[in-house]
file start17.tsv (TSV, C-alpha atoms)
chain	number	residue	atom	x	y	z
A	1	MET	CA	120.74	11.28	211.79
A	2	LYS	CA	118.53	8.47	210.59
A	3	ARG	CA	116.39	9.42	207.61
A	4	LEU	CA	112.64	9.31	208.14
A	5	ARG	CA	110.80	6.93	205.86
A	6	ARG	CA	107.28	6.94	207.29
A	7	THR	CA	105.74	7.34	203.86
A	8	MET	CA	106.91	6.40	200.38
A	9	LEU	CA	104.61	7.96	197.78
A	10	PHE	CA	104.31	6.40	194.33
A	11	ILE	CA	104.38	8.92	191.46
A	12	PRO	CA	103.61	7.68	187.90
A	13	GLY	CA	106.73	8.34	185.84
A	14	ASN	CA	104.81	9.30	182.73
A	15	ASN	CA	102.93	12.19	184.31
A	16	PRO	CA	104.71	15.58	184.03
A	17	ALA	CA	102.24	17.38	186.34
A	18	MET	CA	102.76	14.86	189.14
A	19	LEU	CA	106.54	14.74	188.69
A	20	GLN	CA	106.57	18.52	189.15
A	21	ASP	CA	104.53	18.46	192.33
A	22	ALA	CA	106.08	15.36	193.86
A	23	ALA	CA	108.55	17.14	196.14
A	24	ILE	CA	105.92	19.26	197.90
A	25	LEU	CA	103.32	16.60	198.58
A	26	GLY	CA	104.69	16.01	202.08
A	27	ALA	CA	105.92	12.43	201.81
A	28	ASP	CA	109.27	11.44	203.32
A	29	SER	CA	110.18	9.55	200.14
A	30	ILE	CA	108.90	9.59	196.60
A	31	ILE	CA	109.04	6.67	194.22
A	32	LEU	CA	109.11	7.76	190.56
A	33	ASP	CA	107.56	4.75	188.91
A	34	LEU	CA	108.71	3.32	185.58
A	35	GLU	CA	107.07	-0.06	186.21
A	36	ASP	CA	103.42	-0.80	186.91
A	37	ALA	CA	102.13	2.78	186.62
A	38	VAL	CA	103.40	3.05	183.05
A	39	SER	CA	101.91	1.27	180.02
A	40	LEU	CA	104.20	-0.85	177.83
A	41	THR	CA	104.02	1.62	174.95
A	42	GLU	CA	105.12	4.53	177.13
A	43	LYS	CA	108.07	2.98	178.98
A	44	ASP	CA	110.54	5.00	176.87
A	45	SER	CA	108.59	8.22	177.52
A	46	ALA	CA	108.54	7.68	181.26
A	47	ARG	CA	112.24	6.88	181.41
A	48	SER	CA	113.06	10.12	179.60
A	49	LEU	CA	110.68	12.22	181.72
A	50	VAL	CA	112.06	10.81	184.98
A	51	LYS	CA	115.66	11.26	183.83
A	52	HIS	CA	115.11	14.91	182.91
A	53	ALA	CA	113.03	15.57	186.03
A	54	ILE	CA	115.77	14.27	188.31
A	55	LYS	CA	118.37	16.36	186.51
A	56	ASN	CA	116.39	19.58	186.66
A	57	MET	CA	113.90	19.61	189.52
A	58	ASP	CA	114.73	20.24	193.14
A	59	TYR	CA	114.08	17.04	195.06
A	60	SER	CA	116.64	17.82	197.74
A	61	SER	CA	114.18	17.95	200.62
A	62	ILE	CA	113.06	14.34	200.25
A	63	GLU	CA	114.39	10.89	199.49
A	64	LEU	CA	114.27	10.26	195.73
A	65	VAL	CA	113.65	6.66	194.67
A	66	VAL	CA	113.00	5.28	191.18
A	67	ARG	CA	111.19	1.98	190.63
A	68	ILE	CA	112.75	0.48	187.52
A	69	ASN	CA	111.41	-2.44	185.51
A	70	PRO	CA	112.73	-5.92	186.35
A	71	LEU	CA	116.05	-6.75	184.69
A	72	ASP	CA	114.51	-9.70	182.88
A	73	THR	CA	112.19	-7.40	180.88
A	74	GLU	CA	113.24	-5.53	177.76
A	75	PHE	CA	113.13	-2.25	179.72
A	76	GLY	CA	114.99	-3.04	182.92
A	77	LEU	CA	118.60	-2.71	181.82
A	78	GLU	CA	118.00	0.55	179.95
A	79	ASP	CA	116.13	1.91	183.00
A	80	LEU	CA	119.04	1.01	185.26
A	81	THR	CA	121.79	2.49	183.11
A	82	THR	CA	119.86	5.68	182.28
A	83	ILE	CA	118.62	6.42	185.79
A	84	ALA	CA	121.74	5.43	187.73
A	85	LYS	CA	123.65	8.11	185.82
A	86	VAL	CA	121.42	10.86	187.26
A	87	LYS	CA	122.01	9.64	190.81
A	88	PRO	CA	118.73	9.00	192.54
A	89	ASP	CA	119.01	8.18	196.26
A	90	ALA	CA	117.83	4.65	195.62
A	91	LEU	CA	116.43	2.23	193.05
A	92	MET	CA	113.38	0.20	193.96
A	93	ILE	CA	113.56	-3.30	192.55
A	94	PRO	CA	110.27	-5.07	191.73
A	95	LYS	CA	109.91	-8.87	191.91
A	96	ALA	CA	113.20	-8.91	193.79
A	97	THR	CA	115.30	-12.05	193.92
A	98	GLN	CA	118.76	-12.64	195.31
A	99	GLN	CA	120.24	-13.08	191.84
A	100	GLN	CA	118.65	-9.88	190.55
A	101	LEU	CA	120.05	-7.87	193.42
A	102	LEU	CA	123.52	-9.35	192.91
A	103	ASP	CA	123.36	-8.48	189.21
A	104	ILE	CA	122.15	-4.94	189.90
A	105	ASP	CA	124.77	-4.43	192.58
A	106	PHE	CA	127.46	-5.44	190.10
A	107	LEU	CA	126.10	-3.15	187.37
A	108	LEU	CA	125.83	-0.22	189.78
A	109	ASP	CA	129.43	-0.69	190.91
A	110	LYS	CA	130.45	-0.43	187.25
A	111	ILE	CA	128.29	2.62	186.46
A	112	GLU	CA	129.32	4.48	189.63
A	113	LYS	CA	132.97	3.94	188.72
A	114	GLU	CA	132.47	5.07	185.10
A	115	GLU	CA	130.48	8.15	186.13
A	116	ASN	CA	132.72	9.14	189.05
A	117	ILE	CA	129.93	8.60	191.51
A	118	GLU	CA	130.84	7.61	195.05
A	119	ASN	CA	130.74	3.81	195.31
A	120	SER	CA	127.55	2.42	196.89
A	121	SER	CA	125.90	5.84	197.02
A	122	ILE	CA	122.95	4.55	194.99
A	123	LYS	CA	120.99	2.39	197.41
A	124	LEU	CA	118.53	-0.42	196.78
A	125	ILE	CA	115.03	-1.12	198.06
A	126	PRO	CA	113.81	-4.57	197.01
A	127	ILE	CA	110.10	-5.28	196.78
A	128	ILE	CA	109.06	-8.59	198.33
A	129	GLU	CA	106.16	-9.65	196.14
A	130	THR	CA	106.58	-13.32	195.29
A	131	ALA	CA	106.41	-16.43	197.46
A	132	LEU	CA	110.06	-17.16	196.70
A	133	ALA	CA	111.10	-13.68	197.75
A	134	LEU	CA	109.15	-14.05	200.97
A	135	GLU	CA	110.88	-17.37	201.70
A	136	THR	CA	114.32	-15.84	201.07
A	137	VAL	CA	113.78	-12.30	202.31
A	138	TYR	CA	116.73	-12.20	204.73
A	139	GLU	CA	119.08	-13.53	202.04
A	140	ILE	CA	117.76	-10.89	199.63
A	141	VAL	CA	118.38	-8.15	202.19
A	142	LYS	CA	121.90	-9.40	202.83
A	143	SER	CA	122.80	-9.87	199.16
A	144	SER	CA	123.92	-6.27	198.78
A	145	LYS	CA	125.27	-3.66	201.17
A	146	ARG	CA	123.20	-1.12	199.22
A	147	VAL	CA	119.91	-2.44	200.66
A	148	ILE	CA	118.47	0.17	203.07
A	149	ALA	CA	114.83	-0.87	203.27
A	150	VAL	CA	112.31	-3.42	202.02
A	151	LEU	CA	108.84	-2.84	200.62
A	152	LEU	CA	106.19	-5.53	201.01
A	153	GLY	CA	104.13	-5.76	197.79
A	154	ALA	CA	100.95	-7.53	198.85
A	155	GLU	CA	99.00	-7.13	195.59
A	156	ASP	CA	101.49	-9.13	193.53
A	157	LEU	CA	102.25	-11.44	196.45
A	158	THR	CA	98.63	-12.53	196.89
A	159	SER	CA	98.41	-12.89	193.13
A	160	ASP	CA	101.42	-15.22	193.23
A	161	PHE	CA	99.60	-17.22	195.90
A	162	ALA	CA	96.36	-17.08	193.88
A	163	ILE	CA	94.54	-15.91	197.00
A	164	LYS	CA	92.18	-13.01	197.61
A	165	ARG	CA	93.60	-9.69	198.76
A	166	THR	CA	91.41	-8.13	201.47
A	167	LYS	CA	91.29	-4.87	203.44
A	168	GLU	CA	91.49	-6.75	206.73
A	169	GLY	CA	94.76	-8.32	205.59
A	170	GLU	CA	94.59	-11.67	207.38
A	171	GLU	CA	96.04	-13.33	204.28
A	172	ILE	CA	99.24	-11.27	204.57
A	173	PHE	CA	99.68	-11.57	208.34
A	174	TYR	CA	102.51	-14.10	208.01
A	175	ALA	CA	104.13	-12.16	205.17
A	176	ARG	CA	104.12	-8.98	207.25
A	177	ASN	CA	105.68	-10.75	210.20
A	178	ARG	CA	108.28	-12.41	208.03
A	179	VAL	CA	109.32	-9.17	206.32
A	180	SER	CA	109.30	-7.15	209.53
A	181	THR	CA	111.45	-9.74	211.29
A	182	ALA	CA	114.02	-9.94	208.50
A	183	CYS	CA	114.25	-6.14	208.38
A	184	ARG	CA	114.63	-5.87	212.12
A	185	ALA	CA	117.33	-8.57	212.07
A	186	ALA	CA	119.19	-6.62	209.41
A	187	ARG	CA	118.48	-3.30	211.14
A	188	ILE	CA	116.81	-1.74	208.11
A	189	ASP	CA	113.41	-0.14	207.47
A	190	ALA	CA	110.34	-2.26	206.76
A	191	VAL	CA	107.81	-0.47	204.55
A	192	ASP	CA	104.28	-1.82	204.42
A	193	THR	CA	102.22	-2.49	201.30
A	194	PRO	CA	99.96	0.34	200.05
A	195	PHE	CA	96.29	0.52	201.03
A	196	THR	CA	94.55	0.61	197.68
A	197	ASP	CA	91.15	2.12	198.55
A	198	THR	CA	92.00	5.81	198.38
A	199	ASN	CA	88.56	6.85	199.64
A	200	ASP	CA	88.59	4.75	202.79
A	201	PHE	CA	90.55	6.67	205.42
A	202	GLU	CA	89.25	4.65	208.35
A	203	GLY	CA	90.49	1.52	206.60
A	204	LEU	CA	93.83	3.19	205.88
A	205	GLU	CA	94.32	4.09	209.53
A	206	LYS	CA	93.42	0.57	210.71
A	207	ASP	CA	95.75	-0.98	208.15
A	208	SER	CA	98.61	1.37	209.04
A	209	ARG	CA	98.22	0.70	212.78
A	210	LYS	CA	98.25	-3.04	212.09
A	211	ALA	CA	101.50	-2.68	210.17
A	212	LYS	CA	103.03	-0.50	212.89
A	213	SER	CA	102.08	-2.98	215.58
A	214	LEU	CA	103.96	-5.70	213.69
A	215	GLY	CA	107.14	-3.65	213.53
A	216	PHE	CA	106.85	-1.87	210.19
A	217	THR	CA	108.53	1.54	210.21
A	218	GLY	CA	106.51	3.10	207.39
A	219	LYS	CA	103.98	2.53	204.65
A	220	ALA	CA	103.77	3.09	200.91
A	221	ALA	CA	101.12	5.53	199.67
A	222	ILE	CA	99.50	5.62	196.26
A	223	ASN	CA	97.73	8.95	196.67
A	224	PRO	CA	98.96	12.19	198.28
A	225	ARG	CA	95.80	12.29	200.42
A	226	GLN	CA	97.06	9.24	202.30
A	227	VAL	CA	100.33	10.84	203.43
A	228	ASP	CA	99.28	12.85	206.49
A	229	LEU	CA	97.26	10.03	207.99
A	230	ILE	CA	100.10	7.53	207.61
A	231	HIS	CA	102.49	10.04	209.20
A	232	SER	CA	100.25	10.46	212.22
A	233	VAL	CA	100.11	6.68	212.71
A	234	PHE	CA	103.87	6.20	212.49
A	235	ALA	CA	104.66	9.08	214.82
A	236	PRO	CA	104.83	8.37	218.55
A	237	THR	CA	101.74	9.53	220.46
A	238	ALA	CA	101.93	12.15	223.23
A	239	GLN	CA	101.35	9.33	225.72
A	240	GLU	CA	104.21	7.25	224.28
A	241	ILE	CA	106.55	10.27	224.39
A	242	LYS	CA	105.60	11.12	227.97
A	243	TYR	CA	106.21	7.56	229.09
A	244	ALA	CA	109.53	7.44	227.24
A	245	LEU	CA	110.65	10.65	228.92
A	246	ARG	CA	109.67	9.29	232.33
A	247	ILE	CA	111.78	6.21	231.66
A	248	ILE	CA	114.81	8.29	230.67
A	249	PHE	CA	114.52	10.50	233.74
A	250	ALA	CA	114.00	7.48	235.99
A	251	LYS	CA	117.10	5.90	234.46
A	252	LYS	CA	119.15	9.03	235.16
A	253	ASP	CA	117.85	9.06	238.69
A	254	ALA	CA	118.67	5.38	239.22
A	255	LYS	CA	122.19	5.86	237.82
A	256	GLU	CA	122.86	8.69	240.24
A	257	LYS	CA	121.75	6.44	243.06
A	258	GLY	CA	124.08	3.69	241.75
A	259	LEU	CA	121.21	1.36	240.77
A	260	GLY	CA	121.42	-0.75	237.57
A	261	VAL	CA	117.87	-1.95	237.12
A	262	PHE	CA	114.91	0.04	238.42
A	263	SER	CA	111.15	0.01	238.32
A	264	LEU	CA	108.57	2.50	237.11
A	265	ASP	CA	104.86	2.19	237.94
A	266	GLY	CA	105.60	-1.25	239.36
A	267	LYS	CA	107.19	-2.49	236.14
A	268	MET	CA	110.83	-3.51	235.89
A	269	ILE	CA	112.70	-1.33	233.44
A	270	ASP	CA	115.70	-2.95	231.84
A	271	ALA	CA	117.89	-2.32	228.78
A	272	PRO	CA	115.45	-3.25	225.96
A	273	ILE	CA	112.77	-0.99	227.40
A	274	ILE	CA	115.24	1.85	227.83
A	275	ASN	CA	116.39	1.42	224.20
A	276	ARG	CA	112.83	1.54	222.95
A	277	ALA	CA	112.26	4.72	224.98
A	278	MET	CA	115.35	6.31	223.45
A	279	THR	CA	114.19	5.40	219.93
A	280	THR	CA	110.84	7.05	220.68
A	281	ILE	CA	112.56	10.20	221.91
A	282	ASP	CA	114.86	10.32	218.87
A	283	LEU	CA	111.92	9.97	216.50
A	284	ALA	CA	109.98	12.65	218.41
A	285	LYS	CA	112.95	15.01	218.12
A	286	VAL	CA	113.30	14.40	214.37
A	287	LEU	CA	109.58	15.10	213.98
A	288	ASN	CA	109.92	18.30	216.04
A	289	ILE	CA	107.38	17.04	218.55
A	290	LEU	CA	110.11	17.39	221.18
B	1	MET	CA	121.76	11.55	162.95
B	2	ILE	CA	118.75	11.26	160.68
B	3	ILE	CA	115.15	10.53	161.50
B	4	THR	CA	113.44	8.26	159.03
B	5	LYS	CA	109.79	8.40	160.02
B	6	VAL	CA	107.21	10.30	162.08
B	7	GLY	CA	107.63	10.19	165.85
B	8	LYS	CA	105.16	11.34	168.48
B	9	SER	CA	105.21	11.72	172.23
B	10	GLY	CA	103.45	13.60	175.02
B	11	THR	CA	99.80	14.49	175.61
B	12	LEU	CA	97.51	17.50	175.62
B	13	GLU	CA	97.11	17.35	179.39
B	14	SER	CA	97.98	20.30	181.58
B	15	SER	CA	101.75	20.73	182.17
B	16	ASP	CA	102.54	18.49	179.20
B	17	ILE	CA	103.53	19.11	175.57
B	18	LEU	CA	102.51	17.07	172.53
B	19	ILE	CA	105.42	16.70	170.12
B	20	MET	CA	105.33	15.34	166.58
B	21	VAL	CA	108.57	15.09	164.60
B	22	VAL	CA	108.70	14.61	160.83
B	23	PRO	CA	111.70	14.14	158.47
B	24	ASN	CA	112.64	17.41	156.77
B	25	LYS	CA	115.41	16.50	154.33
B	26	ASP	CA	117.84	19.35	153.66
B	27	HIS	CA	115.48	21.95	155.07
B	28	GLY	CA	117.03	22.44	158.49
B	29	ILE	CA	115.22	22.68	161.82
B	30	ASN	CA	111.65	23.91	161.48
B	31	ILE	CA	109.33	24.42	164.46
B	32	GLU	CA	105.60	25.02	164.56
B	33	LEU	CA	104.53	25.88	168.10
B	34	GLU	CA	101.17	26.41	169.75
B	35	SER	CA	101.21	27.25	173.43
B	36	ILE	CA	98.83	28.43	176.12
B	37	VAL	CA	101.65	30.75	177.21
B	38	MET	CA	102.82	31.72	173.73
B	39	LYS	CA	103.36	35.43	174.46
B	40	GLN	CA	105.28	34.89	177.69
B	41	PHE	CA	107.29	31.76	176.87
B	42	GLY	CA	106.97	31.07	173.14
B	43	ASP	CA	110.57	31.94	172.31
B	44	GLN	CA	111.96	30.10	175.33
B	45	ILE	CA	110.05	26.93	174.42
B	46	LYS	CA	111.30	27.07	170.82
B	47	ASN	CA	114.87	27.55	172.06
B	48	ILE	CA	114.69	24.54	174.32
B	49	ILE	CA	113.32	22.39	171.50
B	50	ILE	CA	116.10	23.54	169.18
B	51	ASP	CA	118.71	22.95	171.88
B	52	GLN	CA	117.49	19.41	172.50
B	53	VAL	CA	117.45	18.66	168.76
B	54	LYS	CA	121.04	19.90	168.40
B	55	LYS	CA	122.12	17.91	171.45
B	56	MET	CA	120.89	14.81	169.61
B	57	ASP	CA	122.96	15.81	166.58
B	58	ILE	CA	120.06	16.32	164.19
B	59	GLN	CA	120.31	18.89	161.40
B	60	ASN	CA	117.05	18.43	159.52
B	61	ILE	CA	113.71	18.01	161.25
B	62	LYS	CA	110.21	19.45	161.35
B	63	ILE	CA	108.63	19.66	164.79
B	64	ILE	CA	104.97	20.35	165.51
B	65	ALA	CA	104.43	21.15	169.16
B	66	GLN	CA	101.28	21.84	171.19
B	67	ASP	CA	102.23	23.09	174.64
B	68	LYS	CA	99.97	23.09	177.69
B	69	GLY	CA	102.28	24.86	180.11
B	70	SER	CA	105.13	22.37	180.31
B	71	LEU	CA	108.41	22.95	182.13
B	72	ASP	CA	111.81	22.85	180.37
B	73	CYS	CA	112.59	19.30	181.50
B	74	THR	CA	109.25	18.02	180.19
B	75	ILE	CA	109.85	19.67	176.81
B	76	ARG	CA	113.31	18.09	176.58
B	77	ALA	CA	112.00	14.67	177.56
B	78	ARG	CA	109.14	14.72	175.05
B	79	VAL	CA	111.38	15.91	172.21
B	80	GLU	CA	113.97	13.27	173.07
B	81	THR	CA	111.37	10.48	173.09
B	82	ALA	CA	109.70	11.61	169.85
B	83	ILE	CA	113.05	11.75	168.05
B	84	ASN	CA	114.10	8.31	169.34
B	85	ARG	CA	110.81	6.91	168.12
B	86	ALA	CA	111.42	8.47	164.69
B	87	MET	CA	114.84	6.90	164.18

call {"tool": "encode", "arguments": {"input": "start17.tsv", "output": "C-alpha cells"}}
result
Amino acid sequence: MKRLRRTMLFIPGNNPAMLQDAAILGADSIILDLEDAVSLTEKDSARSLVKHAIKNMDYSSIELVVRINPLDTEFGLEDLTTIAKVKPDALMIPKATQQQLLDIDFLLDKIEKEENIENSSIKLIPIIETALALETVYEIVKSSKRVIAVLLGAEDLTSDFAIKRTKEGEEIFYARNRVSTACRAARIDAVDTPFTDTNDFEGLEKDSRKAKSLGFTGKAAINPRQVDLIHSVFAPTAQEIKYALRIIFAKKDAKEKGLGVFSLDGKMIDAPIINRAMTTIDLAKVLNIL
Amino acid sequence: MIITKVGKSGTLESSDILIMVVPNKDHGINIELESIVMKQFGDQIKNIIIDQVKKMDIQNIKIIAQDKGSLDCTIRARVETAINRAM
C-alpha cells in the first residue's frame, strides 16, 4: 500500500528532547535535521545524536528521513557514511543537483553492499531550492531510482532569486507548478515548502490548500502544531468521498448494462475521472475515513 | 586510544546530559556524576558512560557529567562527541 506522506516534520538533530518525542507527534514522516537546524560548531554532536537515536529509539510507526549536509561541505560525506549505516528510510538532500544525486547514489550502493543492506533500500528525497534545480527538476528526479519524493524549498529558492518570500506565495507559483508537474510525470510525491509563521494557522491552511490545488501531495512542517491542520487539508473531504463513491457505483452500474462511458449529474464520466475517484477512495481507506 | 585535551558536549537542558572529558594518564576511568534521577538511575548512567568509553578503546579518562534526565542513546552520543573532540 502506498505510504502516506501528507506531512514531513522537521526535527532539529541536536535536540535530544525533540528526537525522543518525534515518533509520537503525529506526522507521517519525520526529518531528523543535520543541516540548517544545527550550528556549524555542533554538526558532530547532531550526527552522533541522530545516529544513536535511530539505533535505539522506536521509529517504526513513521517514515524516518535524515537531512544530511550537502556533499560539497566538510560535513556531508561523514553524515552520509555514518547515517546510511543505521538505515534510515530515506536521506533528504539539500541544494540538490543531478551530479550530487548521482554521487550519493553511487556511495549508497557501495555502503549498502559493505553493510549487507538490501540494495536501494535507502531512498532519496531531493530538495529543490536553487534556480538550477528548478530548471532541471525532472532530470534530478530521474537521476536515481532511489528518488521517492521531492521537497520544494522556497526559502532558499527565493534567496537564490534574490526576491522577497511572502505568505501569499505568488513568487513561487511557477516553482510550485514546475515541481508538481515533474513529480506527477515521474509518479512520485510532491511535498510543499514549509509555512514559516507558526502562529498563523489561517495562513497555514490557505497555503496548504493552494499547494494541494496545484497537485502537491503533502507539506513540510516546522512545528508539531502544524501537523493536524496540514493533515486535514490533504485528506479528501466528506463531499469528495461521497462523489467518488457515486462515480464508482455508477461505473459498476454502467458496466453491468454494457455501457463504456456514462454520465453522472449531467457530466460525462470517463477514465481519468474514474481514476481520480479511485485514488480518493484509496486515500480515504488508508486514513480510515472509509 | 588516548585523549590529549579537554572535550565537552551536551547542554543542561531537560533530557540532555552535559559531558566534560579530561585526560587522566594512568589513572583509569573516573566518573563524577550529578543527575536529577541519581537515586533511580545513577548506576545505570555510570555504566552506560563506562561502556561507551570502553567501546571507543579508551583506558584512561576523567568524565564529569551533569545529567538532566537523558536517555541511554543521548548519553552515548554526548560521550562519543566529547571524546572525539578531545582527541

call {"tool": "interface_residues", "arguments": {"input": "start17.tsv", "of": "chain B", "to": "chain A", "cutoff": "10 Å", "atoms": "all atoms listed in the file", "output": "count of residues only"}}
result
24

call {"tool": "axis_aligned_box", "arguments": {"input": "start17.tsv", "around": "stretch 139-151 of chain A", "padding_each_side": "4 Å", "output": "lines of an AutoDock Vina configuration file"}}
result
center_x = 117.1
center_y = -6.7
center_z = 201.0
size_x = 24.4
size_y = 21.7
size_z = 12.5

call {"tool": "closest_residue", "arguments": {"input": "start17.tsv", "among": "A:Phe201, A:Tyr138, A:Phe249, A:Phe195", "to": "A:Thr181", "atoms": "all atoms listed in the file"}}
result
A:Tyr138

call {"tool": "residues_around", "arguments": {"input": "start17.tsv", "residues": "stretch 146-163 of chain A", "least_positions_apart": "3", "cutoff": "7 Å", "atoms": "all atoms listed in the file", "output": "compact mmCIF listing (two decimals) with C-alpha atoms, keeping the file's coordinate frame"}}
result
# COMPACT_ATOMS: atom_id res chain seq x y z
CA SER A 120 127.55 2.42 196.89
CA LYS A 123 120.99 2.39 197.41
CA LEU A 124 118.53 -0.42 196.78
CA ILE A 125 115.03 -1.12 198.06
CA PRO A 126 113.81 -4.57 197.01
CA ILE A 127 110.10 -5.28 196.78
CA ILE A 128 109.06 -8.59 198.33
CA GLU A 129 106.16 -9.65 196.14
CA THR A 130 106.58 -13.32 195.29
CA ALA A 131 106.41 -16.43 197.46
CA VAL A 141 118.38 -8.15 202.19
CA ILE A 188 116.81 -1.74 208.11
CA ASP A 189 113.41 -0.14 207.47
CA ALA A 190 110.34 -2.26 206.76
CA VAL A 191 107.81 -0.47 204.55
CA ASP A 192 104.28 -1.82 204.42
CA THR A 193 102.22 -2.49 201.30

call {"tool": "atom_distance", "arguments": {"input": "start17.tsv", "atom1": "atom CA of A:Gln100", "atom2": "atom CA of A:Ser144"}}
result
10.4 Å

call {"tool": "atom_distance", "arguments": {"input": "start17.tsv", "atom1": "atom CA of B:Ile45", "atom2": "atom CA of B:Ile83"}}
result
16.7 Å

call {"tool": "residues_near_point", "arguments": {"input": "start17.tsv", "point": "(116.7, 19.3, 161.2)", "cutoff": "6 Å", "atoms": "only C-alpha atoms", "output": "list of chain:residue names"}}
result
B:Gly28, B:Ile29, B:Ile58, B:Gln59, B:Asn60, B:Ile61

call {"tool": "write_last_selection", "arguments": {"input": "start17.tsv", "atoms": "C-alpha atoms", "output": "PDB file, keeping the file's coordinate frame"}}
result
ATOM      1  CA  GLY B  28     117.030  22.440 158.490  1.00  0.00           C
ATOM      2  CA  ILE B  29     115.220  22.680 161.820  1.00  0.00           C
ATOM      3  CA  ILE B  58     120.060  16.320 164.190  1.00  0.00           C
ATOM      4  CA  GLN B  59     120.310  18.890 161.400  1.00  0.00           C
ATOM      5  CA  ASN B  60     117.050  18.430 159.520  1.00  0.00           C
ATOM      6  CA  ILE B  61     113.710  18.010 161.250  1.00  0.00           C
TER       7      ILE B  61
END

call {"tool": "residues_near_point", "arguments": {"input": "start17.tsv", "point": "(112.4, 11.7, 160.8)", "cutoff": "10 Å", "atoms": "only C-alpha atoms", "output": "PDB file with C-alpha atoms, in the coordinates of the input"}}
result
ATOM      1  CA  MET B   1     121.760  11.550 162.950  1.00  0.00           C
ATOM      2  CA  ILE B   2     118.750  11.260 160.680  1.00  0.00           C
ATOM      3  CA  ILE B   3     115.150  10.530 161.500  1.00  0.00           C
ATOM      4  CA  THR B   4     113.440   8.260 159.030  1.00  0.00           C
ATOM      5  CA  LYS B   5     109.790   8.400 160.020  1.00  0.00           C
ATOM      6  CA  VAL B   6     107.210  10.300 162.080  1.00  0.00           C
ATOM      7  CA  GLY B   7     107.630  10.190 165.850  1.00  0.00           C
ATOM      8  CA  MET B  20     105.330  15.340 166.580  1.00  0.00           C
ATOM      9  CA  VAL B  21     108.570  15.090 164.600  1.00  0.00           C
ATOM     10  CA  VAL B  22     108.700  14.610 160.830  1.00  0.00           C
ATOM     11  CA  PRO B  23     111.700  14.140 158.470  1.00  0.00           C
ATOM     12  CA  ASN B  24     112.640  17.410 156.770  1.00  0.00           C
ATOM     13  CA  LYS B  25     115.410  16.500 154.330  1.00  0.00           C
ATOM     14  CA  ILE B  58     120.060  16.320 164.190  1.00  0.00           C
ATOM     15  CA  ASN B  60     117.050  18.430 159.520  1.00  0.00           C
ATOM     16  CA  ILE B  61     113.710  18.010 161.250  1.00  0.00           C
ATOM     17  CA  LYS B  62     110.210  19.450 161.350  1.00  0.00           C
ATOM     18  CA  ILE B  63     108.630  19.660 164.790  1.00  0.00           C
ATOM     19  CA  ALA B  82     109.700  11.610 169.850  1.00  0.00           C
ATOM     20  CA  ILE B  83     113.050  11.750 168.050  1.00  0.00           C
ATOM     21  CA  ASN B  84     114.100   8.310 169.340  1.00  0.00           C
ATOM     22  CA  ARG B  85     110.810   6.910 168.120  1.00  0.00           C
ATOM     23  CA  ALA B  86     111.420   8.470 164.690  1.00  0.00           C
ATOM     24  CA  MET B  87     114.840   6.900 164.180  1.00  0.00           C
TER      25      MET B  87
END

call {"tool": "atom_distance", "arguments": {"input": "start17.tsv", "atom1": "atom CA of A:Thr217", "atom2": "atom CA of A:Lys251"}}
result
26.1 Å

call {"tool": "decode", "arguments": {"input": "start17.tsv", "residues": "stretch 31-61 of chain A", "atoms": "C-alpha atoms", "output": "CSV table (one decimal), in the first residue's frame"}}
result
chain,number,residue,atom,x,y,z
A,31,ILE,CA,13.1,14.6,9.0
A,32,LEU,CA,16.0,14.5,11.5
A,33,ASP,CA,17.9,17.6,10.5
A,34,LEU,CA,21.7,17.7,10.4
A,35,GLU,CA,21.7,20.8,8.1
A,36,ASP,CA,20.1,24.2,8.7
A,37,ALA,CA,18.8,23.5,12.2
A,38,VAL,CA,22.2,22.7,13.5
A,39,SER,CA,25.0,25.3,14.1
A,40,LEU,CA,28.4,24.7,12.5
A,41,THR,CA,30.1,24.0,15.8
A,42,GLU,CA,27.5,21.3,16.7
A,43,LYS,CA,27.4,19.3,13.4
A,44,ASP,CA,29.4,16.5,15.0
A,45,SER,CA,27.1,16.4,18.1
A,46,ALA,CA,24.0,16.3,15.9
A,47,ARG,CA,25.4,13.5,13.8
A,48,SER,CA,26.1,11.4,16.8
A,49,LEU,CA,22.8,12.1,18.5
A,50,VAL,CA,20.8,11.2,15.3
A,51,LYS,CA,22.9,8.0,14.8
A,52,HIS,CA,22.3,6.8,18.3
A,53,ALA,CA,18.6,7.8,18.2
A,54,ILE,CA,18.0,5.8,15.1
A,55,LYS,CA,19.8,2.8,16.5
A,56,ASN,CA,17.9,2.8,19.8
A,57,MET,CA,14.5,4.6,19.5
A,58,ASP,CA,11.4,3.1,18.0
A,59,TYR,CA,10.6,5.0,14.9
A,60,SER,CA,8.8,2.0,13.2
A,61,SER,CA,5.4,3.7,13.0
